[in-house]
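Beneath this line is the structure, given in structure tokens, with notes to follow.
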Amino acid sequence: MADDKERKPQTIDYPGDTTDMAERPRDEMRDYRGRDLLAGRRALITGGDSGIGRAVAVAFAKEGADVAIAYLEEQEDAEHTAALVEAEGRACHLYPGDLADPAHCRTVVAEAAAAMGGLEIVVNNVGTQQPVDDFAELDDEQWRRTFAVNIDSFFHVTKAALPHLPRGGAVINTASINGLRGNKTLIDYSATKGAVIALTYSLAQALSDRGIRVNCVAPGPVWTPLIPATMDAEKVSEFGQQAPYGRAAQPDEIAPSYVFFASATMSSYYSGEVLAPIGGETLPG
């Protein structure tokens, strides 16, 4: 992958559209070659319109899966993701709306399962963040919003999906390096990502008798629309430089981790695992 240390400083409006980015992510899996690892499977991906979610949707399609994507409001991004999926000969269903609303979580799952005729894979990937320079600036509204999107939706979507998931089904949660070590400017975000990891461990145990595997991907810095939409221009220009690789990951580099966990061929003996693609950093434990 190309060195992106000289990224241009930029900010865009929240929640962030890919088309507004001066440097667009590599998130279309153009060089990825599927081998039917998910043939005939059906997947729901939250936060599936852009970034990691888009790359996962396209990778799943290249592996033979139909997909449904849930997202907040980024319609142009979502329609582009759908076009990429459909170009692989697979169906893609779009569900806009706020997943902080438990009722919407349940509606999305029900409609996606009905539209696809079933559901074998759930990817809880939706997320929000808003850095603060001082803990005292973190207000109640932001705290609750971050938890509602980043962890509550994972609970509501997974619980609603449970009646649809067969033995051999898979749930894959997106956490973050910040859930493993914390982040002084992303306190609420880090707390939710730590909760995602604990939820993964707990659900892996709770759902083992049903034959449902639950795993987690916890990436380091990844270049997605959320970054210029939530960080100031200086932080955007430096984003990812702290990683040993000296750069942020591209979504295309992260999506294969989700294919690994979604495919029983690849990961039938994995549940309760956290895979951390973090650019060469090593963590104790």
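All residue names refer to the structure tokens as shown: chains lettered A, B, ... in order, residues numbered from 1 in each chain, ligands numbered from 1 in order.
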Spatial neighbours of region 218-221 of chain A, 12 Å, only C-alpha atoms, chain gap at least 5 places, as number ranges by chain:
A: 51-52, 125, 172-183, 190, 193-197, 200, 226-227, 236, 238-251, 253-255, 257-258, 273-283
Once you have the residues from the selection above, write them out as a compact mmCIF listing (two decimals), in the first residue's frame, restricted to C-alpha atoms.
# COMPACT_ATOMS: atom_id res chain seq x y z
CA GLY A 51 -15.39 2.72 4.81
CA ILE A 52 -14.95 -0.66 6.47
CA ASN A 125 -20.13 -2.14 12.44
CA ILE A 172 -18.95 -10.17 13.89
CA ASN A 173 -18.53 -7.02 15.96
CA THR A 174 -16.33 -4.03 15.18
CA ALA A 175 -14.35 -2.75 18.14
CA SER A 176 -11.15 -0.68 18.03
CA ILE A 177 -7.61 -0.48 19.33
CA ASN A 178 -9.04 2.23 21.58
CA GLY A 179 -11.17 -0.39 23.31
CA LEU A 180 -8.01 -2.25 24.20
CA ARG A 181 -5.91 0.63 25.49
CA GLY A 182 -8.15 3.73 25.78
CA ASN A 183 -7.76 7.17 24.23
CA SER A 190 -13.13 3.98 23.83
CA LYS A 193 -15.36 -0.25 22.16
CA GLY A 194 -14.18 -1.89 25.36
CA ALA A 195 -17.80 -2.86 25.94
CA VAL A 196 -17.99 -4.33 22.43
CA ILE A 197 -15.07 -6.61 23.24
CA THR A 200 -18.20 -10.42 22.14
CA LEU A 226 -15.66 9.46 9.90
CA ILE A 227 -12.12 10.78 10.37
CA VAL A 236 -6.60 14.58 9.92
CA GLU A 238 -1.43 13.35 10.92
CA PHE A 239 -3.95 10.55 11.24
CA GLY A 240 -2.39 7.11 11.56
CA GLN A 241 1.21 8.27 11.76
CA GLN A 242 1.51 6.90 15.30
CA ALA A 243 1.18 3.31 14.05
CA PRO A 244 4.44 1.40 13.54
CA TYR A 245 3.60 1.24 9.82
CA GLY A 246 3.55 5.05 9.88
CA ARG A 247 0.13 5.27 8.27
CA ALA A 248 -3.54 4.45 8.71
CA ALA A 249 -4.99 1.31 7.20
CA GLN A 250 -7.27 1.40 4.19
CA PRO A 251 -10.67 -0.33 4.57
CA GLU A 253 -6.91 -4.05 4.26
CA ILE A 254 -9.38 -4.67 7.09
CA ALA A 255 -12.29 -6.35 5.29
CA SER A 257 -10.68 -10.16 8.65
CA TYR A 258 -14.48 -10.13 8.44
CA GLU A 273 -11.78 -14.08 19.44
CA VAL A 274 -10.57 -10.52 18.89
CA LEU A 275 -8.53 -9.96 15.75
CA ALA A 276 -6.61 -6.69 15.93
CA PRO A 277 -5.15 -5.40 12.63
CA ILE A 278 -3.17 -2.49 14.10
CA GLY A 279 -0.32 -1.83 11.74
CA GLY A 280 2.55 -3.62 13.44
CA GLU A 281 1.82 -2.59 17.01
CA THR A 282 2.19 -5.29 19.65
CA LEU A 283 0.10 -5.45 22.81
Could you pull out the strand (DSSP E or B) residues of region 49-132 of chain A, going by DSSP on the backbone, and write them as a tab-separated table (two decimals) with all heavy atoms, in the first residue's frame?
chain	number	residue	atom	x	y	z
A	66	ASP	N	-25.39	-12.48	-0.52
A	66	ASP	CA	-26.27	-11.31	-0.64
A	66	ASP	C	-26.13	-10.50	0.64
A	66	ASP	O	-25.87	-11.05	1.72
A	66	ASP	CB	-27.73	-11.73	-0.82
A	66	ASP	CG	-27.98	-12.38	-2.17
A	66	ASP	OD1	-27.26	-12.08	-3.13
A	66	ASP	OD2	-28.92	-13.20	-2.25
A	67	VAL	N	-26.29	-9.18	0.53
A	67	VAL	CA	-26.09	-8.34	1.70
A	67	VAL	C	-27.20	-7.31	1.85
A	67	VAL	O	-27.85	-6.91	0.88
A	67	VAL	CB	-24.72	-7.60	1.66
A	67	VAL	CG1	-23.58	-8.59	1.59
A	67	VAL	CG2	-24.66	-6.62	0.51
A	68	ALA	N	-27.42	-6.90	3.09
A	68	ALA	CA	-28.26	-5.76	3.43
A	68	ALA	C	-27.39	-4.82	4.23
A	68	ALA	O	-26.61	-5.26	5.09
A	68	ALA	CB	-29.47	-6.20	4.24
A	69	ILE	N	-27.48	-3.53	3.95
A	69	ILE	CA	-26.68	-2.56	4.69
A	69	ILE	C	-27.59	-1.55	5.36
A	69	ILE	O	-28.54	-1.04	4.78
A	69	ILE	CB	-25.62	-1.87	3.81
A	69	ILE	CG1	-26.26	-1.11	2.65
A	69	ILE	CG2	-24.62	-2.89	3.30
A	69	ILE	CD1	-25.25	-0.30	1.84
A	70	ALA	N	-27.29	-1.28	6.61
A	70	ALA	CA	-28.00	-0.26	7.39
A	70	ALA	C	-27.05	0.90	7.63
A	70	ALA	O	-25.87	0.69	7.90
A	70	ALA	CB	-28.49	-0.84	8.70
A	71	TYR	N	-27.57	2.12	7.55
A	71	TYR	CA	-26.72	3.30	7.64
A	71	TYR	C	-27.59	4.47	8.05
A	71	TYR	O	-28.83	4.40	8.01
A	71	TYR	CB	-26.05	3.59	6.29
A	71	TYR	CG	-27.03	3.68	5.15
A	71	TYR	CD1	-27.50	4.92	4.70
A	71	TYR	CD2	-27.56	2.54	4.56
A	71	TYR	CE1	-28.43	5.00	3.68
A	71	TYR	CE2	-28.49	2.61	3.54
A	71	TYR	CZ	-28.93	3.85	3.11
A	71	TYR	OH	-29.88	3.91	2.11
A	92	CYS	N	-28.31	-6.39	-2.99
A	92	CYS	CA	-27.96	-5.49	-1.89
A	92	CYS	C	-29.20	-4.67	-1.52
A	92	CYS	O	-29.77	-3.98	-2.37
A	92	CYS	CB	-26.83	-4.56	-2.29
A	92	CYS	SG	-26.24	-3.53	-0.92
A	93	HIS	N	-29.61	-4.77	-0.28
A	93	HIS	CA	-30.79	-4.07	0.23
A	93	HIS	C	-30.34	-2.94	1.15
A	93	HIS	O	-29.45	-3.12	1.98
A	93	HIS	CB	-31.69	-5.05	0.98
A	93	HIS	CG	-32.08	-6.24	0.16
A	93	HIS	ND1	-33.18	-6.27	-0.67
A	93	HIS	CD2	-31.48	-7.46	0.03
A	93	HIS	CE1	-33.25	-7.44	-1.27
A	93	HIS	NE2	-32.23	-8.18	-0.86
A	94	LEU	N	-30.98	-1.77	1.00
A	94	LEU	CA	-30.56	-0.57	1.72
A	94	LEU	C	-31.59	-0.18	2.77
A	94	LEU	O	-32.79	-0.11	2.49
A	94	LEU	CB	-30.38	0.59	0.74
A	94	LEU	CG	-29.45	0.35	-0.46
A	94	LEU	CD1	-29.34	1.62	-1.30
A	94	LEU	CD2	-28.07	-0.11	0.01
A	95	TYR	N	-31.09	0.13	3.98
A	95	TYR	CA	-31.97	0.50	5.09
A	95	TYR	C	-31.41	1.73	5.82
A	95	TYR	O	-30.61	1.61	6.75
A	95	TYR	CB	-32.12	-0.68	6.06
A	95	TYR	CG	-32.77	-1.87	5.41
A	95	TYR	CD1	-31.99	-2.93	4.95
A	95	TYR	CD2	-34.14	-1.92	5.20
A	95	TYR	CE1	-32.57	-4.01	4.31
A	95	TYR	CE2	-34.73	-3.00	4.56
A	95	TYR	CZ	-33.95	-4.04	4.12
A	95	TYR	OH	-34.52	-5.11	3.48
A	96	PRO	N	-31.84	2.93	5.40
A	96	PRO	CA	-31.40	4.14	6.10
A	96	PRO	C	-32.16	4.33	7.41
A	96	PRO	O	-33.28	3.83	7.57
A	96	PRO	CB	-31.75	5.25	5.10
A	96	PRO	CG	-32.92	4.71	4.33
A	96	PRO	CD	-32.70	3.22	4.24
A	121	ILE	N	-25.44	-14.15	8.70
A	121	ILE	CA	-24.29	-13.37	9.17
A	121	ILE	C	-24.76	-11.98	9.59
A	121	ILE	O	-25.52	-11.32	8.87
A	121	ILE	CB	-23.23	-13.21	8.06
A	121	ILE	CG1	-22.75	-14.58	7.56
A	121	ILE	CG2	-22.05	-12.39	8.55
A	121	ILE	CD1	-22.02	-14.53	6.22
A	122	VAL	N	-24.33	-11.55	10.76
A	122	VAL	CA	-24.57	-10.19	11.23
A	122	VAL	C	-23.23	-9.52	11.49
A	122	VAL	O	-22.40	-10.07	12.22
A	122	VAL	CB	-25.43	-10.16	12.51
A	122	VAL	CG1	-25.49	-8.74	13.08
A	122	VAL	CG2	-26.83	-10.68	12.22
A	123	VAL	N	-23.02	-8.35	10.89
A	123	VAL	CA	-21.84	-7.55	11.15
A	123	VAL	C	-22.29	-6.25	11.83
A	123	VAL	O	-22.93	-5.41	11.20
A	123	VAL	CB	-21.06	-7.23	9.86
A	123	VAL	CG1	-19.87	-6.32	10.17
A	123	VAL	CG2	-20.59	-8.51	9.19
A	124	ASN	N	-21.98	-6.13	13.10
A	124	ASN	CA	-22.28	-4.90	13.85
A	124	ASN	C	-21.08	-3.97	13.68
A	124	ASN	O	-20.06	-4.12	14.35
A	124	ASN	CB	-22.49	-5.22	15.33
A	124	ASN	CG	-23.79	-5.96	15.59
A	124	ASN	OD1	-24.86	-5.49	15.20
A	124	ASN	ND2	-23.71	-7.12	16.22
Please return as a VMD selection string: the residues of region 37-81 of chain A that backbone DSSP assigns to helix (DSSP H, G or I).
chain A and resid 51 to 62 75 to 81
Contact residues around Glu120 (chain A) with only C-alpha atoms at 6 Å, ignoring same-chain residues under 4 positions, as a list in words
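Once the adjacent positions are removed, what remains is Arg42, Leu165 and Gly169 of chain A.
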Include N, CA and C atoms and write out the residues we just selected as a compact mmCIF listing (two decimals), in the first residue's frame.
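Result saved to result_17.txt:
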# COMPACT_ATOMS: atom_id res chain seq x y z
N ARG A 42 -26.39 -14.97 3.57
CA ARG A 42 -27.05 -13.67 3.59
C ARG A 42 -26.59 -12.90 4.82
N LEU A 165 -30.96 -16.55 12.93
CA LEU A 165 -29.63 -17.14 12.73
C LEU A 165 -29.66 -18.64 12.98
N GLY A 169 -24.34 -19.96 12.08
CA GLY A 169 -24.40 -18.52 11.87
C GLY A 169 -23.23 -17.82 12.53
Contact residues around Ala61 (chain A) with only C-alpha atoms at 8 Å, ignoring same-chain residues under 3 positions, as a list in words
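Here the qualifying residues turn out to be Ala57, Val58, Gly64, Ala65, Asp66, Val67, Val85, Glu88, Gly89 and Arg90 of chain A.
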